[in-house]
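Pasted below: query.tsv, TSV, C-alpha atoms and all ligand atoms.
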chain	number	residue	atom	x	y	z
A	223	MET	CA	92.47	77.31	109.96
A	224	ALA	CA	95.76	77.77	111.81
A	225	VAL	CA	96.02	80.76	114.12
A	226	LEU	CA	99.28	82.40	115.12
A	227	LEU	CA	97.94	85.06	117.45
A	228	ARG	CA	94.55	85.41	119.07
A	229	THR	CA	93.07	87.91	121.48
A	230	VAL	CA	90.10	87.13	123.68
A	231	ASP	CA	87.99	89.98	125.07
A	232	ILE	CA	90.89	92.37	125.39
A	233	CYS	CA	90.21	95.57	127.30
A	234	ARG	CA	92.77	98.24	128.09
A	235	ASP	CA	91.95	101.18	130.32
A	236	PHE	CA	94.23	104.13	130.92
A	237	LYS	CA	93.63	106.16	134.06
A	238	GLN	CA	94.23	109.86	133.69
A	239	GLY	CA	93.57	111.59	136.98
A	240	SER	CA	89.94	110.92	137.81
A	241	GLN	CA	89.17	109.93	134.20
A	242	THR	CA	89.46	106.51	132.60
A	243	VAL	CA	90.12	106.14	128.88
A	244	HIS	CA	88.79	102.88	127.47
A	245	ALA	CA	91.45	102.50	124.77
A	246	LEU	CA	90.36	98.94	123.86
A	247	VAL	CA	86.96	97.39	124.53
A	248	ASP	CA	86.32	93.64	124.10
A	249	VAL	CA	88.73	93.15	121.21
A	250	ASN	CA	88.69	89.67	119.65
A	251	VAL	CA	90.98	89.16	116.70
A	252	SER	CA	92.79	86.20	115.15
A	253	ILE	CA	95.87	86.41	112.96
A	254	GLN	CA	96.63	83.55	110.56
A	255	PRO	CA	100.27	82.73	109.84
A	256	GLY	CA	101.66	83.94	106.53
A	257	THR	CA	99.32	86.91	106.22
A	258	LEU	CA	99.60	90.68	106.04
A	259	THR	CA	97.09	92.28	108.38
A	260	MET	CA	96.40	95.99	108.55
A	261	LEU	CA	95.02	97.71	111.60
A	262	ALA	CA	93.09	100.70	110.36
A	263	GLY	CA	91.30	103.48	112.16
A	264	ARG	CA	91.55	107.13	113.01
A	265	SER	CA	94.15	108.57	115.32
A	266	GLY	CA	93.20	107.65	118.89
A	267	SER	CA	91.17	104.59	117.87
A	268	GLY	CA	93.46	102.17	119.74
A	269	LYS	CA	95.76	100.80	117.02
A	270	THR	CA	99.03	101.34	118.89
A	271	THR	CA	97.54	100.08	122.13
A	272	LEU	CA	96.41	96.85	120.46
A	273	MET	CA	99.75	96.39	118.76
A	274	ASN	CA	101.68	96.91	122.00
A	275	ILE	CA	99.50	94.39	123.79
A	276	ALA	CA	99.70	91.81	120.99
A	277	GLY	CA	103.48	92.28	120.91
A	278	ALA	CA	103.77	91.71	124.68
A	279	LEU	CA	105.08	95.24	125.22
A	280	ASP	CA	102.03	96.07	127.32
A	281	ARG	CA	99.44	94.08	129.27
A	282	PRO	CA	95.67	94.26	128.90
A	283	THR	CA	93.49	95.42	131.80
A	284	SER	CA	91.45	92.26	131.16
A	285	GLY	CA	91.32	89.56	128.53
A	286	GLN	CA	93.88	87.15	127.13
A	287	ILE	CA	96.39	86.87	124.29
A	288	PHE	CA	97.40	83.55	122.84
A	289	PHE	CA	100.51	83.10	120.72
A	290	HIS	CA	100.63	79.63	119.15
A	291	ASP	CA	97.78	78.68	121.51
A	292	ARG	CA	99.92	79.55	124.52
A	293	GLU	CA	98.58	82.28	126.73
A	294	ILE	CA	101.20	85.02	126.93
A	295	SER	CA	99.22	87.71	128.76
A	296	ASP	CA	99.88	86.20	132.19
A	297	LEU	CA	103.53	85.17	131.73
A	298	SER	CA	106.38	86.81	133.66
A	299	GLU	CA	108.24	89.72	132.06
A	300	ASN	CA	111.25	87.44	131.49
A	301	LYS	CA	109.22	84.90	129.57
A	302	ARG	CA	107.56	87.64	127.57
A	303	ASP	CA	110.95	89.20	126.76
A	304	GLU	CA	112.14	85.82	125.56
A	305	ILE	CA	109.12	85.29	123.28
A	306	ARG	CA	109.51	88.80	121.93
A	307	ARG	CA	113.22	88.33	121.25
A	308	LYS	CA	112.83	84.92	119.62
A	309	SER	CA	109.66	85.31	117.65
A	310	MET	CA	108.81	88.95	117.10
A	311	GLY	CA	110.22	91.95	115.26
A	312	PHE	CA	109.19	95.59	115.56
A	313	VAL	CA	109.24	98.52	113.16
A	314	PHE	CA	108.21	101.94	114.42
A	315	GLN	CA	107.08	105.16	112.79
A	316	SER	CA	110.17	107.09	113.76
A	317	VAL	CA	112.97	104.91	112.60
A	318	ALA	CA	115.33	105.05	115.61
A	319	LEU	CA	118.49	103.82	113.95
A	320	ILE	CA	121.74	104.34	115.85
A	321	SER	CA	123.23	107.43	114.18
A	322	VAL	CA	126.92	106.55	114.66
A	323	LEU	CA	126.51	103.07	113.16
A	324	ASN	CA	126.22	102.41	109.43
A	325	ALA	CA	123.36	100.42	107.88
A	326	TYR	CA	125.22	97.13	108.20
A	327	GLU	CA	126.11	97.73	111.86
A	328	ASN	CA	122.58	98.83	112.73
A	329	VAL	CA	121.15	95.62	111.31
A	330	GLU	CA	123.89	93.57	112.96
A	331	PHE	CA	123.54	95.15	116.41
A	332	GLY	CA	120.83	92.87	117.84
A	333	LEU	CA	122.54	89.72	116.55
A	334	ARG	CA	125.79	90.85	118.15
A	335	MET	CA	123.98	91.38	121.47
A	336	ALA	CA	122.45	87.92	121.14
A	337	GLY	CA	125.92	86.42	120.64
A	338	VAL	CA	125.30	85.07	117.16
A	339	HIS	CA	128.50	83.70	115.56
A	340	PRO	CA	130.26	86.35	113.38
A	341	LYS	CA	130.09	84.30	110.18
A	342	LYS	CA	126.40	83.61	110.57
A	343	ARG	CA	125.85	87.23	111.56
A	344	ASP	CA	127.51	88.45	108.38
A	345	ARG	CA	125.39	86.17	106.20
A	346	LEU	CA	122.11	87.14	107.90
A	347	VAL	CA	122.88	90.87	107.78
A	348	LYS	CA	123.79	90.79	104.09
A	349	GLU	CA	120.72	88.72	103.25
A	350	ALA	CA	118.41	91.11	105.12
A	351	LEU	CA	119.92	94.23	103.53
A	352	THR	CA	119.81	92.62	100.09
A	353	PHE	CA	116.19	91.69	100.64
A	354	VAL	CA	115.24	95.33	101.25
A	355	GLY	CA	117.35	96.41	98.25
A	356	LEU	CA	120.12	98.15	100.19
A	357	GLU	CA	123.08	95.89	99.42
A	358	ARG	CA	124.88	98.92	97.97
A	359	ARG	CA	124.19	101.16	100.97
A	360	MET	CA	125.61	98.96	103.71
A	361	LYS	CA	128.39	101.37	104.66
A	362	HIS	CA	126.13	104.42	104.76
A	363	LYS	CA	125.26	106.09	108.05
A	364	PRO	CA	121.58	106.97	108.66
A	365	HIS	CA	122.10	110.68	107.78
A	366	GLN	CA	123.46	109.60	104.38
A	367	LEU	CA	120.23	107.73	103.61
A	368	SER	CA	116.78	109.00	102.57
A	369	GLY	CA	113.77	108.52	104.87
A	370	GLY	CA	112.57	105.56	102.83
A	371	GLU	CA	116.03	103.97	102.89
A	372	GLN	CA	116.26	104.46	106.66
A	373	GLN	CA	112.90	102.76	107.07
A	374	ARG	CA	114.16	99.88	104.90
A	375	VAL	CA	117.20	99.55	107.20
A	376	ALA	CA	114.78	99.40	110.13
A	377	ILE	CA	112.83	96.67	108.34
A	378	ALA	CA	116.06	94.76	107.62
A	379	ARG	CA	116.89	95.06	111.33
A	380	SER	CA	113.46	93.71	112.29
A	381	ILE	CA	113.69	90.68	109.94
A	382	VAL	CA	117.36	89.80	110.36
A	383	ALA	CA	116.80	87.30	113.17
A	384	ARG	CA	113.95	85.72	111.14
A	385	PRO	CA	111.08	86.38	113.55
A	386	GLU	CA	107.77	84.73	112.75
A	387	LEU	CA	105.76	87.83	113.45
A	388	ILE	CA	106.51	91.45	112.66
A	389	PHE	CA	104.66	94.43	114.11
A	390	ALA	CA	104.95	97.72	112.24
A	391	ASP	CA	103.28	100.76	113.79
A	392	GLU	CA	102.60	103.36	111.06
A	393	PRO	CA	105.85	102.52	109.30
A	394	THR	CA	104.89	104.74	106.37
A	395	ALA	CA	103.53	107.74	108.25
A	396	GLU	CA	106.64	109.86	107.80
A	397	LEU	CA	107.20	108.89	104.17
A	398	ASP	CA	105.69	110.24	100.95
A	399	THR	CA	102.96	108.07	99.40
A	400	LYS	CA	105.19	106.52	96.75
A	401	THR	CA	107.91	105.54	99.23
A	402	GLY	CA	105.24	104.36	101.65
A	403	LEU	CA	103.73	102.08	99.04
A	404	ARG	CA	107.19	100.69	98.33
A	405	ILE	CA	107.53	99.74	102.00
A	406	VAL	CA	104.12	98.03	102.02
A	407	ARG	CA	104.98	96.14	98.80
A	408	LEU	CA	108.13	95.01	100.57
A	409	PHE	CA	105.99	93.69	103.44
A	410	ARG	CA	103.76	91.94	100.87
A	411	HIS	CA	106.89	90.37	99.38
A	412	LEU	CA	108.13	89.24	102.83
A	413	VAL	CA	104.79	87.56	103.48
A	414	ASP	CA	104.58	85.94	100.04
A	415	GLU	CA	108.23	84.85	99.68
A	416	GLU	CA	109.41	84.34	103.27
A	417	LYS	CA	106.10	83.27	104.82
A	418	LEU	CA	106.41	85.90	107.53
A	419	THR	CA	103.36	87.21	109.32
A	420	ILE	CA	103.06	90.98	109.46
A	421	ILE	CA	100.69	93.22	111.34
A	422	MET	CA	100.90	96.90	110.51
A	423	THR	CA	98.88	99.95	111.41
A	424	THR	CA	98.01	102.61	108.88
A	425	HIS	CA	95.42	105.25	108.25
A	426	ASP	CA	96.24	105.45	104.56
A	427	PRO	CA	93.46	103.92	102.39
A	428	SER	CA	95.83	103.39	99.43
A	429	MET	CA	97.81	100.84	101.47
A	430	ILE	CA	94.77	98.82	102.50
A	431	GLU	CA	94.26	96.97	99.22
A	432	LEU	CA	97.60	95.20	99.67
A	433	ALA	CA	96.41	93.55	102.89
A	434	ASP	CA	95.05	90.03	103.33
A	435	ASN	CA	92.96	91.18	106.28
A	436	VAL	CA	91.88	94.54	107.57
A	437	ILE	CA	90.91	95.09	111.19
A	438	ARG	CA	89.12	98.39	111.69
A	439	LEU	CA	89.07	100.07	115.08
A	440	GLU	CA	86.70	102.79	116.18
A	441	ASP	CA	86.95	104.15	119.72
A	442	GLY	CA	88.71	100.99	120.86
A	443	ARG	CA	86.23	98.57	119.32
A	444	VAL	CA	86.61	96.39	116.28
A	445	VAL	CA	84.07	97.34	113.62
A	446	LYS	CA	83.14	95.33	110.57
B	501	LIG	N1	99.82	105.76	128.06
B	501	LIG	C1	98.59	106.29	127.91
B	501	LIG	N2	98.02	106.99	128.91
B	501	LIG	C2	96.78	107.50	128.76
B	501	LIG	N3	96.03	107.38	127.64
B	501	LIG	C3	96.57	106.69	126.62
B	501	LIG	C4	97.87	106.11	126.69
B	501	LIG	N4	98.12	105.48	125.52
B	501	LIG	C5	97.03	105.67	124.75
B	501	LIG	N5	96.09	106.38	125.41
B	501	LIG	C6	94.75	106.75	124.90
B	501	LIG	O1	94.15	105.58	124.36
B	501	LIG	C7	93.47	105.87	123.15
B	501	LIG	C8	94.05	105.02	122.02
B	501	LIG	O2	95.39	105.45	121.73
B	501	LIG	P1	96.31	104.77	120.64
B	501	LIG	O3	96.27	103.31	120.83
B	501	LIG	O4	97.62	105.44	120.70
B	501	LIG	O5	95.55	105.15	119.29
B	501	LIG	P2	96.07	105.12	117.78
B	501	LIG	O6	97.36	104.38	117.73
B	501	LIG	O7	94.97	104.46	117.00
B	501	LIG	O8	96.23	106.56	117.37
B	501	LIG	C9	93.61	107.36	122.95
B	501	LIG	O9	92.47	107.99	123.47
B	501	LIG	C10	94.83	107.72	123.75
B	501	LIG	O10	94.77	109.05	124.18
B	502	MG	MG	99.22	104.98	117.03
Represent the structure of the file as structure tokens.
Amino acid sequence: MAVLLRTVDICRDFKQGSQTVHALVDVNVSIQPGTLTMLAGRSGSGKTTLMNIAGALDRPTSGQIFFHDREISDLSENKRDEIRRKSMGFVFQSVALISVLNAYENVEFGLRMAGVHPKKRDRLVKEALTFVGLERRMKHKPHQLSGGEQQRVAIARSIVARPELIFADEPTAELDTKTGLRIVRLFRHLVDEEKLTIIMTTHDPSMIELADNVIRLEDGRVVK
């Protein structure tokens, strides 16, 4: 079976004064392309830490991460930035849209920074906003959108450059259950229709049944 991302014996310690928190202990996971994986576990179990390490935002204390069979844990920050920019998208719990830009401009921002041609930019932005069902809200500023709509703009922003792999850290935590389920169904749709690979964290059991795989963490360890 093909593997997009693989961790080998990942450990991550955080030193706090004289204490050491073992946030991840010997974590071995494999993510197949074209799947929706959910990281589940109580608050403090290590979900965000694992996601940050898998997304090359943080480095493990020991262990390795392979992306397309290439080890990325020991690459320079520049190389890791490049992989992140080219191949990965991120959606966070608090949406962090730019308040003075409308939905269209928020989604366009990264493409503009990357110097994508205006015509292509326009097509990609409209496609992404249409995909999340916001084609009629393109001119709205974040404060004119509901929480669920803002999160959908954030998702459009994360998919606009067509990354292979999307990380979403509790993307539904600040939404009501119905809106949250809508977001997860949208992820399901992105995986099924666009062949994206999505890894999201949640502690909501009602979301879990929509996943292809569930990885459960307890005190930094993967449990079956
Ligand atoms: N930057 C940090 N400094 C110190 N401890 C941290 C840091 N980040 C996370 N931790 C600790 O690591 C453990 C796992 O945290 P986290 O990955 O955020 O869990 P989750 O996302 O599942 O709630 C917790 O005990 C947390 O307090
Ligand atoms: Mg977390």
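Counting all atoms listed in the file and comparing A:Met273, A:Ala376, A:Ala350, A:Thr401, the residue that lies closest to A:Leu261 is A:Met273.
Closest approach to A:Leu279 among A:Phe389, A:Asn328, A:Lys446, A:Ser316: A:Phe389, based on all atoms listed in the file.
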Self-check item: A:Asn435 environment, 8 Å, only C-alpha atoms, sequence neighbours closer than 6 positions dropped, as a PyMOL selection string
Solution: chain A and resi 257-260
Quiz item: Given a cut-off of 9 Å, what residues near ligand LIG 501 (chain B) show up using all atoms listed in the file, put as a PyMOL selection string?
Solution: chain A and resi 234-238+242-246+261-274+391-392+423-425+439-442
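Contact shell of A:Phe353 at 9 Å (all atoms listed in the file; same-chain neighbours under 5 positions omitted): A:Lys348, A:Ala378, A:Leu408, A:Leu412.
Across the structure, atom CA of A:Leu333 and atom CA of A:Val354 are spaced 17.9 Å apart.
When atom CA of A:Tyr326 is paired with atom CA of A:Met360, their separation reads 4.9 Å.
The neighbours of A:Pro255 here are the residues that come within 9 Å of it, using only C-alpha atoms and leaving out any residue fewer than 4 positions away in the same chain; they are A:Ala224, A:Val225, A:Leu226, A:Leu227, A:Glu386, A:Leu387, A:Lys417, A:Leu418, A:Thr419, A:Ile420.
With all atoms listed in the file as the atoms that count, the residue of A:Ser428, A:Gly332, A:Phe314, A:Arg384 with the shortest distance to ligand MG 502 (chain B) is A:Phe314.
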Quiz prompt | atom CA of A:Arg379 to atom CA of A:Arg438, distance in Å rounded to a single decimal | solution = 28.0 Å
Restore N, CA and C atoms in stretch 381-406 of chain A and list the result as an mmCIF file, in the coordinates of the input.
data_model
loop_
_atom_site.group_PDB
_atom_site.id
_atom_site.type_symbol
_atom_site.label_atom_id
_atom_site.label_comp_id
_atom_site.auth_asym_id
_atom_site.auth_seq_id
_atom_site.Cartn_x
_atom_site.Cartn_y
_atom_site.Cartn_z
ATOM 1 N N ILE A 381 113.833 92.046 110.513
ATOM 2 C CA ILE A 381 113.690 90.680 109.940
ATOM 3 C C ILE A 381 114.962 89.858 110.050
ATOM 4 N N VAL A 382 116.069 90.489 110.468
ATOM 5 C CA VAL A 382 117.360 89.800 110.360
ATOM 6 C C VAL A 382 117.435 88.519 111.183
ATOM 7 N N ALA A 383 116.771 88.498 112.326
ATOM 8 C CA ALA A 383 116.800 87.300 113.170
ATOM 9 C C ALA A 383 115.687 86.320 112.795
ATOM 10 N N ARG A 384 115.013 86.590 111.659
ATOM 11 C CA ARG A 384 113.950 85.720 111.140
ATOM 12 C C ARG A 384 112.821 85.494 112.142
ATOM 13 N N PRO A 385 112.222 86.566 112.642
ATOM 14 C CA PRO A 385 111.080 86.380 113.550
ATOM 15 C C PRO A 385 109.886 85.869 112.752
ATOM 16 N N GLU A 386 108.966 85.195 113.438
ATOM 17 C CA GLU A 386 107.770 84.730 112.750
ATOM 18 C C GLU A 386 106.785 85.855 112.507
ATOM 19 N N LEU A 387 106.807 86.818 113.430
ATOM 20 C CA LEU A 387 105.760 87.830 113.450
ATOM 21 C C LEU A 387 106.379 89.218 113.555
ATOM 22 N N ILE A 388 105.988 90.089 112.628
ATOM 23 C CA ILE A 388 106.510 91.450 112.660
ATOM 24 C C ILE A 388 105.370 92.436 112.911
ATOM 25 N N PHE A 389 105.605 93.348 113.846
ATOM 26 C CA PHE A 389 104.660 94.430 114.110
ATOM 27 C C PHE A 389 105.248 95.716 113.553
ATOM 28 N N ALA A 390 104.472 96.442 112.772
ATOM 29 C CA ALA A 390 104.950 97.720 112.240
ATOM 30 C C ALA A 390 103.900 98.781 112.519
ATOM 31 N N ASP A 391 104.240 99.727 113.384
ATOM 32 C CA ASP A 391 103.280 100.760 113.790
ATOM 33 C C ASP A 391 103.471 102.000 112.920
ATOM 34 N N GLU A 392 102.549 102.239 112.008
ATOM 35 C CA GLU A 392 102.600 103.360 111.060
ATOM 36 C C GLU A 392 103.987 103.516 110.439
ATOM 37 N N PRO A 393 104.489 102.452 109.832
ATOM 38 C CA PRO A 393 105.850 102.520 109.300
ATOM 39 C C PRO A 393 105.971 103.469 108.112
ATOM 40 N N THR A 394 104.840 103.873 107.555
ATOM 41 C CA THR A 394 104.890 104.740 106.370
ATOM 42 C C THR A 394 104.455 106.167 106.659
ATOM 43 N N ALA A 395 104.130 106.437 107.917
ATOM 44 C CA ALA A 395 103.530 107.740 108.250
ATOM 45 C C ALA A 395 104.436 108.923 107.928
ATOM 46 N N GLU A 396 105.733 108.731 108.032
ATOM 47 C CA GLU A 396 106.640 109.860 107.800
ATOM 48 C C GLU A 396 107.244 109.839 106.405
ATOM 49 N N LEU A 397 106.669 109.007 105.533
ATOM 50 C CA LEU A 397 107.200 108.890 104.170
ATOM 51 C C LEU A 397 106.180 109.435 103.167
ATOM 52 N N ASP A 398 106.647 109.847 101.986
ATOM 53 C CA ASP A 398 105.690 110.240 100.950
ATOM 54 C C ASP A 398 104.962 108.983 100.457
ATOM 55 N N THR A 399 103.836 109.188 99.772
ATOM 56 C CA THR A 399 102.960 108.070 99.400
ATOM 57 C C THR A 399 103.689 107.008 98.571
ATOM 58 N N LYS A 400 104.510 107.463 97.628
ATOM 59 C CA LYS A 400 105.190 106.520 96.750
ATOM 60 C C LYS A 400 106.176 105.648 97.539
ATOM 61 N N THR A 401 106.950 106.289 98.403
ATOM 62 C CA THR A 401 107.910 105.540 99.230
ATOM 63 C C THR A 401 107.165 104.637 100.204
ATOM 64 N N GLY A 402 106.062 105.142 100.730
ATOM 65 C CA GLY A 402 105.240 104.360 101.650
ATOM 66 C C GLY A 402 104.718 103.095 100.991
ATOM 67 N N LEU A 403 104.245 103.247 99.769
ATOM 68 C CA LEU A 403 103.730 102.080 99.040
ATOM 69 C C LEU A 403 104.847 101.067 98.788
ATOM 70 N N ARG A 404 106.051 101.574 98.540
ATOM 71 C CA ARG A 404 107.190 100.690 98.330
ATOM 72 C C ARG A 404 107.450 99.825 99.570
ATOM 73 N N ILE A 405 107.323 100.465 100.736
ATOM 74 C CA ILE A 405 107.530 99.740 102.000
ATOM 75 C C ILE A 405 106.449 98.658 102.161
ATOM 76 N N VAL A 406 105.202 99.011 101.853
ATOM 77 C CA VAL A 406 104.120 98.030 102.020
ATOM 78 C C VAL A 406 104.274 96.887 101.012
#
